[in-house]
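**Student:** Contents of start14.txt (compact mmCIF, C-alpha atoms) are given next:
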# COMPACT_ATOMS: atom_id res chain seq x y z
CA MET T 1 71.31 85.71 -36.56
CA PRO T 2 70.07 83.07 -39.01
CA THR T 3 66.37 82.27 -39.16
CA GLU T 4 64.67 79.61 -41.25
CA LEU T 5 61.02 78.85 -41.93
CA ILE T 6 60.34 75.24 -42.87
CA LEU T 7 56.95 74.71 -44.51
CA GLY T 8 55.20 71.51 -45.51
CA GLY T 9 52.09 69.42 -45.26
CA ALA T 10 51.20 66.82 -42.66
CA ARG T 11 53.90 64.16 -42.35
CA SER T 12 56.00 65.87 -45.01
CA GLY T 13 59.22 65.67 -42.98
CA LYS T 14 59.31 69.32 -41.93
CA SER T 15 59.88 68.63 -38.22
CA ARG T 16 62.55 66.06 -39.03
CA LEU T 17 64.36 68.63 -41.20
CA ALA T 18 64.12 71.24 -38.41
CA GLU T 19 65.64 68.74 -35.98
CA GLN T 20 68.43 67.94 -38.45
CA ARG T 21 69.18 71.67 -38.80
CA ALA T 22 69.50 71.84 -34.99
CA ILE T 23 71.79 68.81 -34.89
CA ASP T 24 73.95 70.33 -37.65
CA HIS T 25 74.07 73.60 -35.68
CA GLY T 26 76.04 71.80 -32.98
CA GLY T 27 75.13 74.08 -30.06
CA PRO T 28 72.52 73.79 -27.36
CA VAL T 29 68.98 73.27 -28.64
CA THR T 30 65.68 74.45 -27.19
CA VAL T 31 62.42 73.22 -28.70
CA ILE T 32 59.49 75.56 -28.25
CA ALA T 33 56.42 73.36 -28.54
CA THR T 34 53.10 75.05 -29.24
CA ALA T 35 50.86 71.96 -29.07
CA GLU T 36 48.45 71.40 -26.23
CA ALA T 37 47.27 67.94 -25.19
CA GLY T 38 43.55 68.51 -25.49
CA ASP T 39 42.79 64.80 -25.89
CA ASP T 40 44.48 61.40 -25.53
CA GLU T 41 45.53 61.20 -29.17
CA MET T 42 47.25 64.59 -29.04
CA ALA T 43 48.89 63.70 -25.73
CA ALA T 44 50.30 60.57 -27.41
CA ARG T 45 51.63 62.65 -30.32
CA ILE T 46 53.35 65.07 -27.93
CA ALA T 47 54.87 62.17 -25.97
CA ARG T 48 56.12 60.57 -29.20
CA HIS T 49 57.79 63.84 -30.27
CA ARG T 50 59.53 64.11 -26.88
CA VAL T 51 60.85 60.55 -27.10
CA ASP T 52 62.10 61.08 -30.65
CA ARG T 53 64.18 64.16 -29.73
CA PRO T 54 67.64 63.92 -28.18
CA GLY T 55 67.37 63.78 -24.39
CA HIS T 56 69.70 66.73 -23.79
CA TRP T 57 67.50 69.13 -25.74
CA HIS T 58 65.45 71.49 -23.62
CA THR T 59 61.71 71.81 -24.29
CA ILE T 60 59.51 74.80 -23.44
CA GLU T 61 55.76 74.64 -23.92
CA ALA T 62 54.42 77.92 -25.28
CA PRO T 63 50.94 77.55 -26.74
CA THR T 64 50.34 81.31 -27.05
CA GLU T 65 53.06 83.74 -25.84
CA LEU T 66 55.58 82.82 -28.53
CA ALA T 67 57.48 86.11 -28.96
CA ASP T 68 58.10 86.45 -25.21
CA THR T 69 59.20 82.82 -25.00
CA LEU T 70 61.60 83.22 -27.92
CA GLN T 71 63.16 86.32 -26.40
CA ARG T 72 63.69 84.57 -23.05
CA ALA T 73 65.06 81.33 -24.56
CA ALA T 74 67.37 82.69 -27.28
CA SER T 75 71.13 82.65 -26.77
CA ALA T 76 74.05 83.59 -29.00
CA ASN T 77 75.30 80.01 -29.40
CA GLY T 78 71.91 78.29 -29.18
CA CYS T 79 69.39 76.98 -31.67
CA LEU T 80 65.64 77.39 -31.16
CA ILE T 81 63.10 75.21 -32.93
CA VAL T 82 59.50 76.41 -32.94
CA ASP T 83 57.18 73.51 -33.72
CA CYS T 84 54.80 74.71 -34.92
CA LEU T 85 53.50 78.13 -35.95
CA THR T 86 50.26 76.67 -37.29
CA LEU T 87 49.27 75.21 -33.92
CA TRP T 88 50.23 78.50 -32.28
CA LEU T 89 47.87 80.30 -34.67
CA SER T 90 45.12 77.78 -33.94
CA ASN T 91 45.58 78.22 -30.17
CA LEU T 92 45.28 81.98 -30.48
CA LEU T 93 42.29 81.86 -32.82
CA MET T 94 40.47 79.46 -30.52
CA ALA T 95 41.28 81.65 -27.51
CA ASP T 96 39.78 84.60 -29.38
CA ALA T 97 36.93 82.66 -31.02
CA ALA T 98 34.35 83.87 -28.52
CA ASP T 99 35.21 87.46 -29.53
CA LEU T 100 34.75 86.90 -33.24
CA ARG T 101 32.25 89.45 -34.49
CA ALA T 102 32.97 88.72 -38.13
CA PRO T 103 34.62 85.28 -38.42
CA HIS T 104 36.12 86.16 -41.78
CA ASP T 105 38.00 89.18 -40.43
CA ALA T 106 41.08 88.74 -38.22
CA SER T 107 41.09 92.47 -37.45
CA THR T 108 38.46 91.65 -34.81
CA LEU T 109 41.03 89.53 -32.96
CA PRO T 110 43.24 91.93 -30.99
CA ARG T 111 45.20 89.23 -29.19
CA TRP T 112 46.09 87.52 -32.47
CA GLN T 113 47.08 90.87 -33.98
CA ARG T 114 49.31 91.68 -30.97
CA GLU T 115 50.98 88.26 -30.84
CA HIS T 116 51.57 88.18 -34.60
CA ALA T 117 53.13 91.67 -34.55
CA ALA T 118 55.26 90.75 -31.51
CA LEU T 119 56.59 87.65 -33.29
CA LEU T 120 57.52 89.63 -36.42
CA ALA T 121 59.29 92.24 -34.28
CA ALA T 122 61.16 89.65 -32.22
CA LEU T 123 62.48 87.38 -34.98
CA PRO T 124 65.11 89.71 -36.52
CA ALA T 125 66.51 90.63 -33.10
CA LEU T 126 66.96 87.11 -31.69
CA PRO T 127 70.52 85.97 -31.04
CA GLY T 128 71.53 82.51 -32.23
CA THR T 129 69.73 80.36 -34.76
CA THR T 130 65.96 80.04 -35.02
CA VAL T 131 64.14 77.37 -37.05
CA LEU T 132 60.37 77.75 -37.35
CA VAL T 133 58.08 74.97 -38.57
CA ALA T 134 54.66 75.63 -40.14
CA ASN T 135 52.06 73.84 -42.19
CA GLU T 136 51.27 74.95 -45.69
CA VAL T 137 47.50 74.61 -45.47
CA GLY T 138 46.38 76.54 -48.53
CA LEU T 139 46.93 73.70 -51.01
CA GLY T 140 43.87 71.68 -50.00
CA LEU T 141 40.14 72.09 -50.09
CA VAL T 142 38.45 75.32 -49.09
CA PRO T 143 37.16 74.83 -45.52
CA ASP T 144 33.37 74.73 -45.19
CA SER T 145 33.09 76.98 -42.13
CA PRO T 146 33.88 80.66 -41.58
CA LEU T 147 36.32 79.81 -38.77
CA GLY T 148 38.03 77.23 -41.00
CA ARG T 149 38.41 79.76 -43.81
CA LEU T 150 39.72 82.37 -41.35
CA PHE T 151 42.29 79.84 -40.09
CA ARG T 152 43.40 78.97 -43.63
CA ASP T 153 43.68 82.64 -44.61
CA GLU T 154 45.56 83.65 -41.45
CA ALA T 155 47.92 80.67 -41.77
CA GLY T 156 48.79 81.83 -45.28
CA ARG T 157 49.30 85.42 -44.11
CA LEU T 158 51.38 84.24 -41.15
CA ASN T 159 53.60 82.10 -43.38
CA GLN T 160 54.11 84.99 -45.81
CA SER T 161 54.99 87.49 -43.10
CA VAL T 162 57.37 85.13 -41.30
CA ALA T 163 58.99 84.09 -44.61
CA ALA T 164 59.66 87.76 -45.36
CA THR T 165 61.66 88.09 -42.12
CA CYS T 166 63.59 84.82 -42.43
CA ASP T 167 66.98 84.34 -44.04
CA ARG T 168 66.00 80.94 -45.44
CA VAL T 169 62.66 79.37 -46.37
CA THR T 170 62.37 75.67 -47.21
CA LEU T 171 59.35 73.72 -48.45
CA VAL T 172 59.32 70.01 -47.62
CA ALA T 173 57.25 67.51 -49.60
CA ALA T 174 57.61 63.72 -49.35
CA GLY T 175 60.64 64.24 -47.11
CA LEU T 176 62.45 66.24 -49.77
CA PRO T 177 63.46 69.85 -49.05
CA LEU T 178 63.11 72.52 -51.69
CA THR T 179 64.83 75.83 -50.97
CA LEU T 180 62.49 78.74 -51.67
CA LYS T 181 64.70 81.48 -50.23
CA ALA T 182 68.36 81.40 -49.30
CA PRO T 183 70.88 83.94 -48.08
CA PRO T 184 73.18 85.31 -50.79
CA ALA T 185 76.22 83.10 -51.32
Could the structure of this file be written out as structure tokens, please?

**Tutor:**
Amino acid sequence: MPTELILGGARSGKSRLAEQRAIDHGGPVTVIATAEAGDDEMAARIARHRVDRPGHWHTIEAPTELADTLQRAASANGCLIVDCLTLWLSNLLMADAADLRAPHDASTLPRWQREHAALLAALPALPGTTVLVANEVGLGLVPDSPLGRLFRDEAGRLNQSVAATCDRVTLVAAGLPLTLKAPPA
């Protein structure tokens, strides 16, 4: 079934576009939220997102086990929104951070490798519509720490691998969508 990756920077309008895609879909919507409320500011952001979404949408919190959550939540007439892949990556990298032997090498992170592979395997087989949101982080400054550079590199690799499996890829800047990949007409 159709899958779309929506990329953009902070406050670019990517989540708003994902929500509009779900509204246009017309069926039941499940939002899979990957954020964790680690502090008061993040808790306020999560609460604001919940208030902004239609009340009849279902929300599942899945900070790490994304592929399993997608497989359980998908339905033939439903629409899934994953918001966002970048936080999911961050959650997994931080969970594995204590195991980093070479911070510049994600091959030392078996959990991240397993979860990433599971996501790529699950996406093409999901029934219904799936809209994934991610940050495009590689356009800014080079991070000054090894973990920051690993995050930037893995976010870029994640976006590339997910984009390759999706039917549609859209970049959002200043609230304006630019189609990067679309199904044949």

**Student:** Between atom CA of Arg168 of chain T and atom CA of Ala62 of chain T, what is the distance, to one decimal in Å?

**Tutor:** 23.4 Å

**Student:** How many Å lie between atom CA of Ala22 of chain T and atom CA of Ala73 of chain T, rounded to one decimal?

**Tutor:** 14.8 Å

**Student:** Excluding Leu120 of chain T and its own-chain neighbours fewer than 6 positions away, which residues fall within 9 Å of it when counting all atoms listed in the file? Please give them as a list in words.

**Tutor:**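 Neighbouring residues, sequence-local ones excluded: Ala67, Ser161, Val162 and Thr165 of chain T.
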
**Student:** Smallest atom-to-atom distance to Pro28 of chain T: which of T:Leu132, T:Leu70, T:Val172, T:Ala76, using all atoms listed in the file?

**Tutor:**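 With all atoms listed in the file as the atom set, the closest residue is T:Ala76.
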
**Student:** Pick out the closest residue to Arg53 of chain T from this set: T:His25, T:Glu36, T:Cys79, T:Gln20. Count all atoms listed in the file.

**Tutor:** T:Gln20

**Student:** Between atom CA of Met42 of chain T and atom CA of Cys84 of chain T, what is the spacing in Å?

**Tutor:**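 The value is 13.9 Å.
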
**Student:** I'd like to know which of T:Thr108, T:Thr59, T:Thr3, T:Asn91 is closest to Thr170 of chain T, using only C-alpha atoms.

**Tutor:** T:Thr3

**Student:** (45.0, 83.3, -27.9) in this file's frame - what residues fall within 12 Å of it? Use all atoms listed in the file and give the answer as a ChimeraX atom specification.

**Tutor:** /T:34,62-66,87-99,109-116

**Student:** For Pro127 of chain T, which residue out of T:Val51, T:Val31, T:Ile46, T:Ala74 is the nearest one, using only C-alpha atoms?

**Tutor:**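 Counting only C-alpha atoms, the residue closest to Pro127 of chain T is T:Ala74.
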
**Student:** Looking at all atoms listed in the file, which of T:Ala122, T:Ala43, T:Met1, T:Leu80 is the one that sits closest to Arg21 of chain T?

**Tutor:**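 Among the listed residues, T:Leu80 lies closest to Arg21 of chain T.
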
**Student:** Can you work out which one of T:Asn135, T:Gln160, T:Ser145, T:Ser75 has the shortest atom-to-atom distance to Arg11 of chain T, counting all atoms listed in the file?

**Tutor:**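 Of T:Asn135, T:Gln160, T:Ser145, T:Ser75, the one nearest Arg11 of chain T is T:Asn135, counting all atoms listed in the file.
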
**Student:** Tell me which residues come within 10 Å of (64.3, 70.8, -23.4), as a short mmCIF file (atom, residue, chain, number, x, y, z; two decimals) with C-alpha atoms, in the coordinates of the input, counting all atoms listed in the file in the file's coordinates.

**Tutor:**
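selection_37.cif was written with the following content:
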data_model
loop_
_atom_site.label_atom_id
_atom_site.label_comp_id
_atom_site.auth_asym_id
_atom_site.auth_seq_id
_atom_site.Cartn_x
_atom_site.Cartn_y
_atom_site.Cartn_z
CA PRO T 28 72.52 73.79 -27.36
CA VAL T 29 68.98 73.27 -28.64
CA THR T 30 65.68 74.45 -27.19
CA VAL T 31 62.42 73.22 -28.70
CA ILE T 32 59.49 75.56 -28.25
CA ALA T 33 56.42 73.36 -28.54
CA ARG T 50 59.53 64.11 -26.88
CA ARG T 53 64.18 64.16 -29.73
CA PRO T 54 67.64 63.92 -28.18
CA GLY T 55 67.37 63.78 -24.39
CA HIS T 56 69.70 66.73 -23.79
CA TRP T 57 67.50 69.13 -25.74
CA HIS T 58 65.45 71.49 -23.62
CA THR T 59 61.71 71.81 -24.29
CA ILE T 60 59.51 74.80 -23.44
CA GLU T 61 55.76 74.64 -23.92
#

**Student:** Quick one: everything within 12 Å of Leu150 of chain T, counting only C-alpha atoms, minus sequence neighbours fewer than 3 positions away in the same chain. Send it as a ChimeraX atom specification.

**Tutor:** /T:89-90,93-94,97,100,102-109,137-138,142-147,153-158

**Student:** With N, CA, C and O atoms as the target, complete segment 156-178 of chain T and hand it back as a tab-separated table (two decimals), in the coordinates of the input.

**Tutor:**
chain	number	residue	atom	x	y	z
T	156	GLY	N	48.08	81.36	-44.09
T	156	GLY	CA	48.79	81.83	-45.28
T	156	GLY	C	49.44	83.18	-45.05
T	156	GLY	O	50.60	83.40	-45.42
T	157	ARG	N	48.72	84.09	-44.40
T	157	ARG	CA	49.30	85.42	-44.11
T	157	ARG	C	50.47	85.30	-43.13
T	157	ARG	O	51.49	85.98	-43.28
T	158	LEU	N	50.31	84.46	-42.11
T	158	LEU	CA	51.38	84.24	-41.15
T	158	LEU	C	52.63	83.69	-41.85
T	158	LEU	O	53.74	84.20	-41.65
T	159	ASN	N	52.45	82.68	-42.67
T	159	ASN	CA	53.60	82.10	-43.38
T	159	ASN	C	54.28	83.14	-44.27
T	159	ASN	O	55.51	83.21	-44.31
T	160	GLN	N	53.51	83.96	-44.96
T	160	GLN	CA	54.11	84.99	-45.81
T	160	GLN	C	54.89	86.01	-44.99
T	160	GLN	O	56.01	86.38	-45.36
T	161	SER	N	54.32	86.46	-43.89
T	161	SER	CA	54.99	87.49	-43.10
T	161	SER	C	56.24	86.95	-42.42
T	161	SER	O	57.27	87.63	-42.36
T	162	VAL	N	56.19	85.72	-41.92
T	162	VAL	CA	57.37	85.13	-41.30
T	162	VAL	C	58.43	84.85	-42.37
T	162	VAL	O	59.62	85.12	-42.16
T	163	ALA	N	58.03	84.35	-43.52
T	163	ALA	CA	58.99	84.09	-44.61
T	163	ALA	C	59.73	85.36	-45.01
T	163	ALA	O	60.92	85.33	-45.30
T	164	ALA	N	59.03	86.48	-44.99
T	164	ALA	CA	59.66	87.76	-45.36
T	164	ALA	C	60.76	88.15	-44.38
T	164	ALA	O	61.73	88.80	-44.77
T	165	THR	N	60.65	87.73	-43.12
T	165	THR	CA	61.66	88.09	-42.12
T	165	THR	C	62.79	87.08	-42.03
T	165	THR	O	63.83	87.38	-41.44
T	166	CYS	N	62.60	85.89	-42.57
T	166	CYS	CA	63.59	84.82	-42.43
T	166	CYS	C	64.67	84.90	-43.49
T	166	CYS	O	64.44	85.34	-44.61
T	167	ASP	N	65.86	84.41	-43.12
T	167	ASP	CA	66.98	84.34	-44.04
T	167	ASP	C	66.80	83.21	-45.05
T	167	ASP	O	67.24	83.31	-46.19
T	168	ARG	N	66.18	82.12	-44.59
T	168	ARG	CA	66.00	80.94	-45.44
T	168	ARG	C	64.57	80.45	-45.28
T	168	ARG	O	64.03	80.45	-44.17
T	169	VAL	N	63.98	79.99	-46.39
T	169	VAL	CA	62.66	79.37	-46.37
T	169	VAL	C	62.76	78.09	-47.18
T	169	VAL	O	63.25	78.09	-48.31
T	170	THR	N	62.29	76.99	-46.57
T	170	THR	CA	62.37	75.67	-47.21
T	170	THR	C	60.99	75.04	-47.20
T	170	THR	O	60.30	75.05	-46.17
T	171	LEU	N	60.60	74.49	-48.33
T	171	LEU	CA	59.35	73.72	-48.45
T	171	LEU	C	59.73	72.25	-48.48
T	171	LEU	O	60.63	71.86	-49.23
T	172	VAL	N	59.05	71.44	-47.67
T	172	VAL	CA	59.32	70.01	-47.62
T	172	VAL	C	58.09	69.27	-48.13
T	172	VAL	O	56.97	69.51	-47.69
T	173	ALA	N	58.31	68.38	-49.08
T	173	ALA	CA	57.25	67.51	-49.60
T	173	ALA	C	57.85	66.12	-49.75
T	173	ALA	O	58.96	65.97	-50.29
T	174	ALA	N	57.15	65.11	-49.27
T	174	ALA	CA	57.61	63.72	-49.35
T	174	ALA	C	59.02	63.56	-48.78
T	174	ALA	O	59.81	62.77	-49.29
T	175	GLY	N	59.34	64.32	-47.75
T	175	GLY	CA	60.64	64.24	-47.11
T	175	GLY	C	61.76	64.93	-47.85
T	175	GLY	O	62.91	64.88	-47.42
T	176	LEU	N	61.43	65.59	-48.96
T	176	LEU	CA	62.45	66.24	-49.77
T	176	LEU	C	62.37	67.75	-49.62
T	176	LEU	O	61.31	68.34	-49.85
T	177	PRO	N	63.47	68.39	-49.22
T	177	PRO	CA	63.46	69.85	-49.05
T	177	PRO	C	63.69	70.58	-50.37
T	177	PRO	O	64.50	70.16	-51.19
T	178	LEU	N	62.95	71.64	-50.54
T	178	LEU	CA	63.11	72.52	-51.69
T	178	LEU	C	63.35	73.93	-51.15
T	178	LEU	O	62.51	74.47	-50.45
